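Reproduced below: work-v3.txt, with compact mmCIF, N, CA and C atoms.
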# COMPACT_ATOMS: atom_id res chain seq x y z
N MET A 1 110.87 123.96 91.93
CA MET A 1 110.26 125.06 91.25
C MET A 1 111.07 126.33 91.52
N VAL A 2 111.32 127.06 90.48
CA VAL A 2 112.03 128.33 90.57
C VAL A 2 111.12 129.41 90.00
N LYS A 3 110.97 130.49 90.77
CA LYS A 3 110.20 131.64 90.32
C LYS A 3 111.11 132.86 90.32
N VAL A 4 110.99 133.67 89.28
CA VAL A 4 111.82 134.87 89.15
C VAL A 4 110.93 136.11 89.12
N ILE A 5 111.28 137.07 89.96
CA ILE A 5 110.67 138.40 89.93
C ILE A 5 111.73 139.31 89.34
N MET A 6 111.46 139.87 88.16
CA MET A 6 112.45 140.71 87.51
C MET A 6 111.86 142.07 87.16
N GLY A 7 112.63 143.10 87.39
CA GLY A 7 112.19 144.44 87.06
C GLY A 7 113.32 145.43 87.30
N LEU A 8 113.12 146.63 86.81
CA LEU A 8 114.11 147.66 86.98
C LEU A 8 114.15 148.15 88.43
N LYS A 9 115.22 148.81 88.79
CA LYS A 9 115.38 149.34 90.14
C LYS A 9 114.19 150.24 90.48
N GLY A 10 113.64 150.02 91.66
CA GLY A 10 112.51 150.84 92.11
C GLY A 10 111.15 150.34 91.65
N SER A 11 111.10 149.16 91.03
CA SER A 11 109.83 148.65 90.51
C SER A 11 109.04 147.83 91.52
N GLY A 12 109.57 147.65 92.74
CA GLY A 12 108.83 146.93 93.77
C GLY A 12 109.16 145.46 93.90
N LYS A 13 110.28 145.04 93.35
CA LYS A 13 110.67 143.62 93.42
C LYS A 13 110.85 143.16 94.86
N THR A 14 111.60 143.92 95.64
CA THR A 14 111.89 143.52 97.01
C THR A 14 110.62 143.51 97.85
N LYS A 15 109.76 144.47 97.66
CA LYS A 15 108.48 144.51 98.39
C LYS A 15 107.66 143.27 98.07
N ARG A 16 107.62 142.91 96.81
CA ARG A 16 106.88 141.70 96.40
C ARG A 16 107.51 140.45 97.01
N LEU A 17 108.85 140.40 97.01
CA LEU A 17 109.56 139.27 97.60
C LEU A 17 109.25 139.17 99.09
N VAL A 18 109.28 140.29 99.80
CA VAL A 18 108.98 140.29 101.24
C VAL A 18 107.55 139.81 101.48
N ASP A 19 106.60 140.25 100.66
CA ASP A 19 105.22 139.78 100.79
C ASP A 19 105.13 138.27 100.61
N LEU A 20 105.88 137.73 99.66
CA LEU A 20 105.89 136.28 99.44
C LEU A 20 106.55 135.54 100.60
N VAL A 21 107.59 136.14 101.20
CA VAL A 21 108.24 135.55 102.38
C VAL A 21 107.24 135.48 103.53
N LEU A 22 106.51 136.57 103.75
CA LEU A 22 105.51 136.60 104.83
C LEU A 22 104.43 135.56 104.61
N GLN A 23 103.99 135.42 103.37
CA GLN A 23 102.99 134.41 103.03
C GLN A 23 103.53 133.00 103.27
N ALA A 24 104.75 132.74 102.82
CA ALA A 24 105.36 131.42 103.01
C ALA A 24 105.55 131.11 104.49
N ASP A 25 105.91 132.12 105.27
CA ASP A 25 106.10 131.92 106.71
C ASP A 25 104.81 131.43 107.36
N LYS A 26 103.68 131.91 106.88
CA LYS A 26 102.38 131.50 107.44
C LYS A 26 101.93 130.13 106.93
N GLU A 27 102.27 129.82 105.67
CA GLU A 27 101.70 128.64 105.02
C GLU A 27 102.61 127.41 104.99
N GLU A 28 103.91 127.60 104.94
CA GLU A 28 104.84 126.47 104.81
C GLU A 28 104.91 125.66 106.10
N THR A 29 105.06 124.36 105.96
CA THR A 29 105.24 123.51 107.13
C THR A 29 106.72 123.32 107.46
N GLY A 30 107.59 123.61 106.50
CA GLY A 30 109.03 123.49 106.71
C GLY A 30 109.67 124.84 106.96
N ALA A 31 110.99 124.84 106.97
CA ALA A 31 111.75 126.06 107.24
C ALA A 31 111.79 126.96 105.99
N VAL A 32 111.76 128.26 106.23
CA VAL A 32 111.83 129.26 105.17
C VAL A 32 113.12 130.06 105.37
N VAL A 33 113.85 130.27 104.27
CA VAL A 33 115.13 130.97 104.31
C VAL A 33 115.06 132.15 103.33
N CYS A 34 115.62 133.27 103.74
CA CYS A 34 115.72 134.44 102.85
C CYS A 34 117.18 134.87 102.81
N ILE A 35 117.74 134.94 101.60
CA ILE A 35 119.14 135.33 101.42
C ILE A 35 119.16 136.70 100.76
N GLU A 36 119.92 137.61 101.35
CA GLU A 36 120.10 138.94 100.80
C GLU A 36 121.58 139.26 100.76
N LYS A 37 121.97 140.24 99.97
CA LYS A 37 123.37 140.60 99.85
C LYS A 37 123.87 141.31 101.10
N ASP A 38 123.12 142.30 101.57
CA ASP A 38 123.51 143.09 102.73
C ASP A 38 122.35 143.17 103.72
N LYS A 39 122.56 143.84 104.81
CA LYS A 39 121.53 143.96 105.85
C LYS A 39 120.54 145.07 105.52
N LYS A 40 119.53 144.75 104.70
CA LYS A 40 118.50 145.75 104.44
C LYS A 40 117.10 145.22 104.74
N LEU A 41 116.96 143.93 104.91
CA LEU A 41 115.64 143.34 105.17
C LEU A 41 115.45 142.95 106.64
N THR A 42 116.37 143.30 107.49
CA THR A 42 116.35 142.88 108.89
C THR A 42 115.01 143.13 109.56
N TYR A 43 114.40 144.27 109.31
CA TYR A 43 113.16 144.62 109.99
C TYR A 43 111.92 144.24 109.19
N ASP A 44 112.10 143.73 108.00
CA ASP A 44 110.97 143.33 107.16
C ASP A 44 110.65 141.85 107.25
N ILE A 45 111.65 141.06 107.60
CA ILE A 45 111.51 139.60 107.63
C ILE A 45 111.27 139.15 109.07
N PRO A 46 110.24 138.33 109.33
CA PRO A 46 109.98 137.89 110.70
C PRO A 46 111.10 136.98 111.24
N TYR A 47 111.25 136.96 112.54
CA TYR A 47 112.31 136.17 113.17
C TYR A 47 112.17 134.68 112.90
N THR A 48 111.00 134.22 112.51
CA THR A 48 110.78 132.79 112.23
C THR A 48 111.37 132.36 110.89
N VAL A 49 111.74 133.33 110.07
CA VAL A 49 112.39 133.06 108.78
C VAL A 49 113.88 133.27 108.97
N ARG A 50 114.68 132.33 108.50
CA ARG A 50 116.14 132.45 108.61
C ARG A 50 116.62 133.46 107.58
N LEU A 51 117.11 134.61 108.06
CA LEU A 51 117.61 135.66 107.19
C LEU A 51 119.13 135.58 107.14
N ILE A 52 119.66 135.47 105.93
CA ILE A 52 121.10 135.30 105.74
C ILE A 52 121.64 136.45 104.90
N GLN A 53 122.67 137.12 105.40
CA GLN A 53 123.36 138.15 104.63
C GLN A 53 124.52 137.47 103.90
N ALA A 54 124.37 137.30 102.60
CA ALA A 54 125.37 136.59 101.79
C ALA A 54 126.73 137.27 101.82
N GLY A 55 126.73 138.59 101.99
CA GLY A 55 127.99 139.33 102.04
C GLY A 55 128.89 138.89 103.18
N GLU A 56 128.31 138.38 104.24
CA GLU A 56 129.10 137.91 105.38
C GLU A 56 129.82 136.61 105.09
N TYR A 57 129.40 135.91 104.05
CA TYR A 57 129.98 134.60 103.72
C TYR A 57 130.86 134.63 102.47
N GLY A 58 131.06 135.80 101.91
CA GLY A 58 131.95 135.92 100.76
C GLY A 58 131.44 135.28 99.49
N ILE A 59 130.12 135.12 99.38
CA ILE A 59 129.55 134.56 98.16
C ILE A 59 129.66 135.62 97.08
N GLY A 60 130.36 135.31 96.00
CA GLY A 60 130.54 136.31 94.96
C GLY A 60 130.60 135.72 93.58
N ASN A 61 130.40 134.40 93.50
CA ASN A 61 130.36 133.78 92.18
C ASN A 61 129.39 132.60 92.20
N VAL A 62 129.14 132.06 91.03
CA VAL A 62 128.14 131.01 90.87
C VAL A 62 128.49 129.75 91.65
N ASP A 63 129.74 129.32 91.58
CA ASP A 63 130.13 128.09 92.28
C ASP A 63 129.96 128.21 93.78
N LEU A 64 130.33 129.35 94.34
CA LEU A 64 130.15 129.56 95.77
C LEU A 64 128.67 129.59 96.13
N PHE A 65 127.86 130.20 95.27
CA PHE A 65 126.42 130.23 95.52
C PHE A 65 125.83 128.82 95.53
N LYS A 66 126.18 128.02 94.54
CA LYS A 66 125.68 126.64 94.48
C LYS A 66 126.10 125.86 95.72
N GLY A 67 127.36 126.00 96.10
CA GLY A 67 127.85 125.32 97.30
C GLY A 67 127.14 125.78 98.55
N PHE A 68 126.85 127.07 98.62
CA PHE A 68 126.14 127.63 99.76
C PHE A 68 124.73 127.04 99.87
N ILE A 69 124.03 126.99 98.74
CA ILE A 69 122.67 126.42 98.73
C ILE A 69 122.71 124.94 99.13
N ALA A 70 123.64 124.20 98.56
CA ALA A 70 123.76 122.77 98.89
C ALA A 70 124.10 122.60 100.38
N GLY A 71 124.97 123.45 100.89
CA GLY A 71 125.33 123.39 102.31
C GLY A 71 124.16 123.73 103.21
N LEU A 72 123.38 124.72 102.83
CA LEU A 72 122.19 125.06 103.61
C LEU A 72 121.27 123.85 103.72
N HIS A 73 121.04 123.23 102.57
CA HIS A 73 120.12 122.09 102.56
C HIS A 73 120.69 120.90 103.33
N SER A 74 121.98 120.65 103.19
CA SER A 74 122.56 119.50 103.90
C SER A 74 122.54 119.72 105.41
N GLY A 75 122.55 120.98 105.84
CA GLY A 75 122.49 121.28 107.27
C GLY A 75 121.08 121.30 107.83
N ASN A 76 120.07 121.41 106.93
CA ASN A 76 118.69 121.46 107.37
C ASN A 76 117.78 120.94 106.27
N TYR A 77 117.43 119.67 106.36
CA TYR A 77 116.58 119.05 105.35
C TYR A 77 115.14 119.53 105.43
N ASP A 78 114.80 120.31 106.46
CA ASP A 78 113.44 120.82 106.62
C ASP A 78 113.18 122.08 105.80
N ILE A 79 114.19 122.62 105.11
CA ILE A 79 113.98 123.82 104.31
C ILE A 79 113.08 123.48 103.14
N THR A 80 111.97 124.23 103.04
CA THR A 80 111.03 124.01 101.94
C THR A 80 110.99 125.17 100.96
N GLN A 81 111.47 126.35 101.40
CA GLN A 81 111.43 127.50 100.51
C GLN A 81 112.63 128.41 100.78
N VAL A 82 113.26 128.85 99.68
CA VAL A 82 114.40 129.76 99.76
C VAL A 82 114.09 130.97 98.88
N PHE A 83 114.24 132.16 99.46
CA PHE A 83 114.06 133.41 98.74
C PHE A 83 115.43 134.06 98.60
N VAL A 84 115.71 134.62 97.43
CA VAL A 84 116.99 135.28 97.19
C VAL A 84 116.71 136.66 96.63
N ASP A 85 117.15 137.69 97.34
CA ASP A 85 116.98 139.07 96.89
C ASP A 85 118.26 139.55 96.23
N ASN A 86 118.12 140.28 95.13
CA ASN A 86 119.26 140.88 94.44
C ASN A 86 120.23 139.82 93.92
N PHE A 87 119.70 138.91 93.16
CA PHE A 87 120.41 137.73 92.67
C PHE A 87 121.71 138.05 91.94
N TYR A 88 121.70 139.04 91.03
CA TYR A 88 122.90 139.37 90.27
C TYR A 88 124.07 139.74 91.18
N LYS A 89 123.79 140.52 92.22
CA LYS A 89 124.86 140.93 93.13
C LYS A 89 125.41 139.75 93.92
N ILE A 90 124.56 138.82 94.28
CA ILE A 90 125.01 137.67 95.06
C ILE A 90 125.88 136.73 94.23
N ILE A 91 125.47 136.47 92.98
CA ILE A 91 126.26 135.54 92.16
C ILE A 91 127.38 136.22 91.40
N GLY A 92 127.40 137.55 91.42
CA GLY A 92 128.52 138.29 90.84
C GLY A 92 128.57 138.37 89.33
N THR A 93 127.43 138.16 88.66
CA THR A 93 127.41 138.27 87.20
C THR A 93 126.01 138.61 86.70
N THR A 94 125.97 139.25 85.54
CA THR A 94 124.70 139.50 84.85
C THR A 94 124.67 138.78 83.51
N ASP A 95 125.66 137.95 83.25
CA ASP A 95 125.74 137.20 82.00
C ASP A 95 124.55 136.25 81.91
N GLU A 96 123.69 136.48 80.92
CA GLU A 96 122.45 135.71 80.82
C GLU A 96 122.66 134.21 80.64
N THR A 97 123.70 133.83 79.94
CA THR A 97 123.99 132.41 79.76
C THR A 97 124.30 131.76 81.10
N VAL A 98 125.12 132.43 81.90
CA VAL A 98 125.48 131.92 83.22
C VAL A 98 124.27 131.91 84.14
N VAL A 99 123.49 132.99 84.12
CA VAL A 99 122.31 133.09 84.98
C VAL A 99 121.31 131.99 84.62
N ALA A 100 121.08 131.76 83.34
CA ALA A 100 120.16 130.71 82.90
C ALA A 100 120.65 129.34 83.36
N GLU A 101 121.96 129.12 83.33
CA GLU A 101 122.53 127.85 83.80
C GLU A 101 122.30 127.68 85.29
N VAL A 102 122.48 128.75 86.06
CA VAL A 102 122.27 128.68 87.51
C VAL A 102 120.79 128.42 87.81
N LEU A 103 119.91 129.10 87.10
CA LEU A 103 118.47 128.87 87.30
C LEU A 103 118.10 127.42 86.98
N GLY A 104 118.70 126.87 85.93
CA GLY A 104 118.46 125.47 85.59
C GLY A 104 118.96 124.54 86.68
N TRP A 105 120.13 124.86 87.25
CA TRP A 105 120.67 124.06 88.36
C TRP A 105 119.74 124.15 89.56
N MET A 106 119.24 125.36 89.85
CA MET A 106 118.32 125.55 90.97
C MET A 106 117.03 124.77 90.75
N ASP A 107 116.55 124.74 89.52
CA ASP A 107 115.32 124.01 89.22
C ASP A 107 115.52 122.51 89.44
N ALA A 108 116.66 122.00 88.99
CA ALA A 108 116.96 120.57 89.20
C ALA A 108 117.12 120.28 90.69
N PHE A 109 117.80 121.17 91.42
CA PHE A 109 117.96 121.02 92.86
C PHE A 109 116.60 121.04 93.55
N SER A 110 115.74 121.93 93.10
CA SER A 110 114.39 122.05 93.64
C SER A 110 113.61 120.74 93.47
N ASN A 111 113.65 120.20 92.28
CA ASN A 111 112.93 118.96 91.99
C ASN A 111 113.48 117.78 92.78
N ALA A 112 114.79 117.73 92.95
CA ALA A 112 115.41 116.61 93.66
C ALA A 112 115.22 116.69 95.17
N ASN A 113 115.07 117.91 95.70
CA ASN A 113 115.06 118.08 97.16
C ASN A 113 113.79 118.73 97.72
N ASN A 114 112.79 118.94 96.88
CA ASN A 114 111.54 119.55 97.31
C ASN A 114 111.74 120.90 98.00
N VAL A 115 112.57 121.73 97.39
CA VAL A 115 112.82 123.09 97.88
C VAL A 115 112.39 124.05 96.78
N LYS A 116 111.54 125.01 97.13
CA LYS A 116 111.10 126.02 96.17
C LYS A 116 112.00 127.25 96.28
N PHE A 117 112.30 127.85 95.14
CA PHE A 117 113.13 129.05 95.10
C PHE A 117 112.34 130.20 94.49
N THR A 118 112.45 131.36 95.10
CA THR A 118 111.91 132.60 94.53
C THR A 118 113.03 133.62 94.60
N ILE A 119 113.37 134.20 93.45
CA ILE A 119 114.49 135.14 93.42
C ILE A 119 114.06 136.45 92.77
N SER A 120 114.73 137.52 93.18
CA SER A 120 114.51 138.81 92.52
C SER A 120 115.76 139.17 91.74
N ILE A 121 115.52 139.68 90.54
CA ILE A 121 116.61 140.09 89.65
C ILE A 121 116.34 141.52 89.21
N SER A 122 117.35 142.37 89.35
CA SER A 122 117.23 143.76 88.93
C SER A 122 117.67 143.88 87.47
N GLY A 123 116.71 144.20 86.61
CA GLY A 123 117.01 144.34 85.19
C GLY A 123 115.73 144.50 84.41
N ASP A 124 115.87 144.77 83.13
CA ASP A 124 114.72 144.95 82.25
C ASP A 124 114.13 143.59 81.87
N ALA A 125 112.94 143.32 82.38
CA ALA A 125 112.30 142.02 82.12
C ALA A 125 112.02 141.82 80.63
N ALA A 126 111.73 142.90 79.92
CA ALA A 126 111.43 142.79 78.49
C ALA A 126 112.66 142.37 77.68
N ALA A 127 113.84 142.67 78.20
CA ALA A 127 115.07 142.34 77.49
C ALA A 127 115.66 140.99 77.92
N ALA A 128 115.03 140.32 78.87
CA ALA A 128 115.55 139.04 79.36
C ALA A 128 115.42 137.95 78.31
N GLY A 129 116.38 137.04 78.31
CA GLY A 129 116.36 135.92 77.38
C GLY A 129 115.40 134.83 77.84
N GLU A 130 115.14 133.88 76.97
CA GLU A 130 114.21 132.80 77.26
C GLU A 130 114.66 131.95 78.45
N GLY A 131 115.97 131.84 78.66
CA GLY A 131 116.50 131.06 79.78
C GLY A 131 116.11 131.62 81.13
N ILE A 132 115.78 132.91 81.16
CA ILE A 132 115.32 133.55 82.40
C ILE A 132 113.81 133.70 82.39
N LYS A 133 113.24 134.09 81.25
CA LYS A 133 111.79 134.33 81.15
C LYS A 133 110.95 133.11 81.51
N LYS A 134 111.46 131.93 81.25
CA LYS A 134 110.64 130.75 81.53
C LYS A 134 110.38 130.55 83.02
N TYR A 135 111.11 131.28 83.86
CA TYR A 135 110.90 131.19 85.30
C TYR A 135 110.11 132.35 85.87
N PHE A 136 109.68 133.30 85.03
CA PHE A 136 108.92 134.45 85.51
C PHE A 136 107.62 134.01 86.18
N ILE A 137 107.28 134.74 87.22
CA ILE A 137 106.01 134.50 87.91
C ILE A 137 104.91 135.09 87.05

Can I see the file as structure tokens?
Amino acid sequence: MVKVIMGLKGSGKTKRLVDLVLQADKEETGAVVCIEKDKKLTYDIPYTVRLIQAGEYGIGNVDLFKGFIAGLHSGNYDITQVFVDNFYKIIGTTDETVVAEVLGWMDAFSNANNVKFTISISGDAAAAGEGIKKYFI
């Protein structure tokens, strides 16, 4: 399952994502991971959630992102939920066709490996294409 939180800058996407991380930390029986571009959530995410700064790993395109997710899972099969903040910056593109393809890959990965994804995307939700809208919360 893939869920997308989309809105313009300052609309509360990250706050909502952090609230969902806190909820998952209390409710999930497996490991919870939160991926962000830079170090801005350090004090918002509890130590029991694995917080990863993607910028430290040079993730800057779709293929690297997919490999990173697959590597995370292969290193820890107990991961049940992954949160991604600022998705466009991490994958290095805002091209809707590419983003929809990545979301589809994440959905297939989710179904095959029982990992839920929740991501935040900075942009106008009203202008999003169907390939992104179908994942809106």

- Message: So that I can check the secondary structure, give me every residue of chain A assigned strand (DSSP E) by backbone DSSP, as a list in words.
- Response: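 The strand (DSSP E) residues within chain A come out as Val2, Lys3, Val4, Ile5, Met6, Gly7, Ala31, Val32, Val33, Cys34, Ile35, Glu36, Arg50, Leu51, Ile52, Gln53, Ile79, Thr80, Gln81, Val82, Phe83, Val84, Lys116, Phe117, Thr118, Ile119, Ser120, Ile121 and Ser122 of chain A.
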
- Task: Quick one: everything within 8 Å of Thr14 in chain A, counting all atoms listed in the file, minus sequence neighbours fewer than 6 positions away in the same chain. Send it as a list in words.
- Result: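 Selected residues are Ile5, Leu20, Asp85, Asn86, Ser120 and Ile121 of chain A.
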
- Message: So, with only N, CA and C atoms as the atoms that count, which of A:Val33, A:Ala54, A:Val82, A:Val62 lies closest to Phe117 in chain A?
- Response: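 Using only N, CA and C atoms, the shortest distance to Phe117 in chain A belongs to A:Val82.
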
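Atom pair CA of Gly131 in chain A / CA of Val2 in chain A has a distance of 12.0 Å (rounded to one decimal).
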
- Task: Measure the distance from atom N of Ser110 in chain A to atom N of Gln23 in chain A in Å and round it to one decimal.
- Result: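 One can read the atom N of Ser110 in chain A to atom N of Gln23 in chain A distance as 20.6 Å.
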
- Query: CA of Leu22 in chain A and CA of Ile52 in chain A are how many Å apart?
  - Reply: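 Spanning CA of Leu22 in chain A to CA of Ile52 in chain A is a straight-line distance of 15.7 Å.
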
- Name the residues in contact with Ile79 in chain A at a cut-off of 8 Å, using all atoms listed in the file, excluding same-chain residues fewer than 4 positions from it; report them as number ranges by chain. A: 29-33, 72-73, 75, 113-116

Please write the residues from the selection above to a file, keeping N, CA and C atoms, as a CSV table (one decimal), keeping the file's coordinate frame.
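out33.csv written:
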chain,number,residue,atom,x,y,z
A,29,THR,N,105.1,124.4,106.0
A,29,THR,CA,105.2,123.5,107.1
A,29,THR,C,106.7,123.3,107.5
A,30,GLY,N,107.6,123.6,106.5
A,30,GLY,CA,109.0,123.5,106.7
A,30,GLY,C,109.7,124.8,107.0
A,31,ALA,N,111.0,124.8,107.0
A,31,ALA,CA,111.8,126.1,107.2
A,31,ALA,C,111.8,127.0,106.0
A,32,VAL,N,111.8,128.3,106.2
A,32,VAL,CA,111.8,129.3,105.2
A,32,VAL,C,113.1,130.1,105.4
A,33,VAL,N,113.8,130.3,104.3
A,33,VAL,CA,115.1,131.0,104.3
A,33,VAL,C,115.1,132.2,103.3
A,72,LEU,N,123.4,124.7,102.8
A,72,LEU,CA,122.2,125.1,103.6
A,72,LEU,C,121.3,123.8,103.7
A,73,HIS,N,121.0,123.2,102.6
A,73,HIS,CA,120.1,122.1,102.6
A,73,HIS,C,120.7,120.9,103.3
A,75,GLY,N,122.6,121.0,105.8
A,75,GLY,CA,122.5,121.3,107.3
A,75,GLY,C,121.1,121.3,107.8
A,113,ASN,N,115.1,117.9,95.7
A,113,ASN,CA,115.1,118.1,97.2
A,113,ASN,C,113.8,118.7,97.7
A,114,ASN,N,112.8,118.9,96.9
A,114,ASN,CA,111.5,119.6,97.3
A,114,ASN,C,111.7,120.9,98.0
A,115,VAL,N,112.6,121.7,97.4
A,115,VAL,CA,112.8,123.1,97.9
A,115,VAL,C,112.4,124.0,96.8
A,116,LYS,N,111.5,125.0,97.1
A,116,LYS,CA,111.1,126.0,96.2
A,116,LYS,C,112.0,127.2,96.3

- For Lys13 in chain A, the closest of A:Ser122, A:Gly58, A:Ile91, A:Gly67 counting all atoms listed in the file is A:Ser122

- Which of these, A:Glu130, A:Tyr135, A:Gly104, A:Gln81, has the shortest distance to Ala24 in chain A once you count all atoms listed in the file?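 Ranked by minimum distance to Ala24 in chain A, first place goes to A:Gln81.
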
Quick one: residues within 12 Å of Lys134 in chain A, only C-alpha atoms, excluding same-chain residues fewer than 5 positions away - as an mmCIF file with N, CA and C atoms, keeping the file's coordinate frame?
data_model
loop_
_atom_site.group_PDB
_atom_site.id
_atom_site.type_symbol
_atom_site.label_atom_id
_atom_site.label_comp_id
_atom_site.auth_asym_id
_atom_site.auth_seq_id
_atom_site.Cartn_x
_atom_site.Cartn_y
_atom_site.Cartn_z
ATOM 1 N N MET A 1 110.870 123.960 91.930
ATOM 2 C CA MET A 1 110.260 125.060 91.250
ATOM 3 C C MET A 1 111.070 126.330 91.520
ATOM 4 N N VAL A 2 111.320 127.060 90.480
ATOM 5 C CA VAL A 2 112.030 128.330 90.570
ATOM 6 C C VAL A 2 111.120 129.410 90.000
ATOM 7 N N LYS A 3 110.970 130.490 90.770
ATOM 8 C CA LYS A 3 110.200 131.640 90.320
ATOM 9 C C LYS A 3 111.110 132.860 90.320
ATOM 10 N N VAL A 4 110.990 133.670 89.280
ATOM 11 C CA VAL A 4 111.820 134.870 89.150
ATOM 12 C C VAL A 4 110.930 136.110 89.120
ATOM 13 N N ILE A 5 111.280 137.070 89.960
ATOM 14 C CA ILE A 5 110.670 138.400 89.930
ATOM 15 C C ILE A 5 111.730 139.310 89.340
ATOM 16 N N MET A 6 111.460 139.870 88.160
ATOM 17 C CA MET A 6 112.450 140.710 87.510
ATOM 18 C C MET A 6 111.860 142.070 87.160
ATOM 19 N N ALA A 100 121.080 131.760 83.340
ATOM 20 C CA ALA A 100 120.160 130.710 82.900
ATOM 21 C C ALA A 100 120.650 129.340 83.360
ATOM 22 N N LEU A 103 119.910 129.100 87.100
ATOM 23 C CA LEU A 103 118.470 128.870 87.300
ATOM 24 C C LEU A 103 118.100 127.420 86.980
ATOM 25 N N GLY A 104 118.700 126.870 85.930
ATOM 26 C CA GLY A 104 118.460 125.470 85.590
ATOM 27 C C GLY A 104 118.960 124.540 86.680
ATOM 28 N N ASP A 107 116.550 124.740 89.520
ATOM 29 C CA ASP A 107 115.320 124.010 89.220
ATOM 30 C C ASP A 107 115.520 122.510 89.440
ATOM 31 N N ALA A 125 112.940 143.320 82.380
ATOM 32 C CA ALA A 125 112.300 142.020 82.120
ATOM 33 C C ALA A 125 112.020 141.820 80.630
ATOM 34 N N ALA A 128 115.030 140.320 78.870
ATOM 35 C CA ALA A 128 115.550 139.040 79.360
ATOM 36 C C ALA A 128 115.420 137.950 78.310
ATOM 37 N N GLY A 129 116.380 137.040 78.310
ATOM 38 C CA GLY A 129 116.360 135.920 77.380
ATOM 39 C C GLY A 129 115.400 134.830 77.840
#

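Residue nearest Asp44 in chain A, chosen from A:Asp124, A:Glu28, A:Asp19, A:Glu56 and counting all atoms listed in the file: A:Asp19.
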
- List every residue of chain A that DSSP, applied to the backbone, labels as helix (DSSP H, G or I), and write the result as JSON, numbers by chain. {"A": [13, 14, 15, 16, 17, 18, 19, 20, 21, 22, 23, 24, 25, 26, 27, 54, 55, 56, 57, 62, 63, 64, 65, 66, 67, 68, 69, 70, 71, 72, 73, 74, 75, 87, 88, 89, 90, 91, 96, 97, 98, 99, 100, 101, 102, 103, 104, 105, 106, 107, 108, 109, 110, 111, 112, 113, 125, 126, 127, 130, 131, 132, 133]}

- Task: Can you pull out every residue within 6 Å of Gly60 in chain A, counting all atoms listed in the file, but drop anything in the same chain fewer than 4 positions away, and send it as a list in words?
- Result: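 That gives Leu64, Phe65, Ile90, Ile91 and Gly92 of chain A.
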
How big is the axis-aligned box, and where does its centre sit, when it encloses all atoms of range 17-22 of chain A listed in the file and has 6 Å added on every side, reported in Å to one decimal as JSON?
{"center_x": 107.0, "center_y": 137.9, "center_z": 100.9, "size_x": 17.1, "size_y": 16.9, "size_z": 19.8}
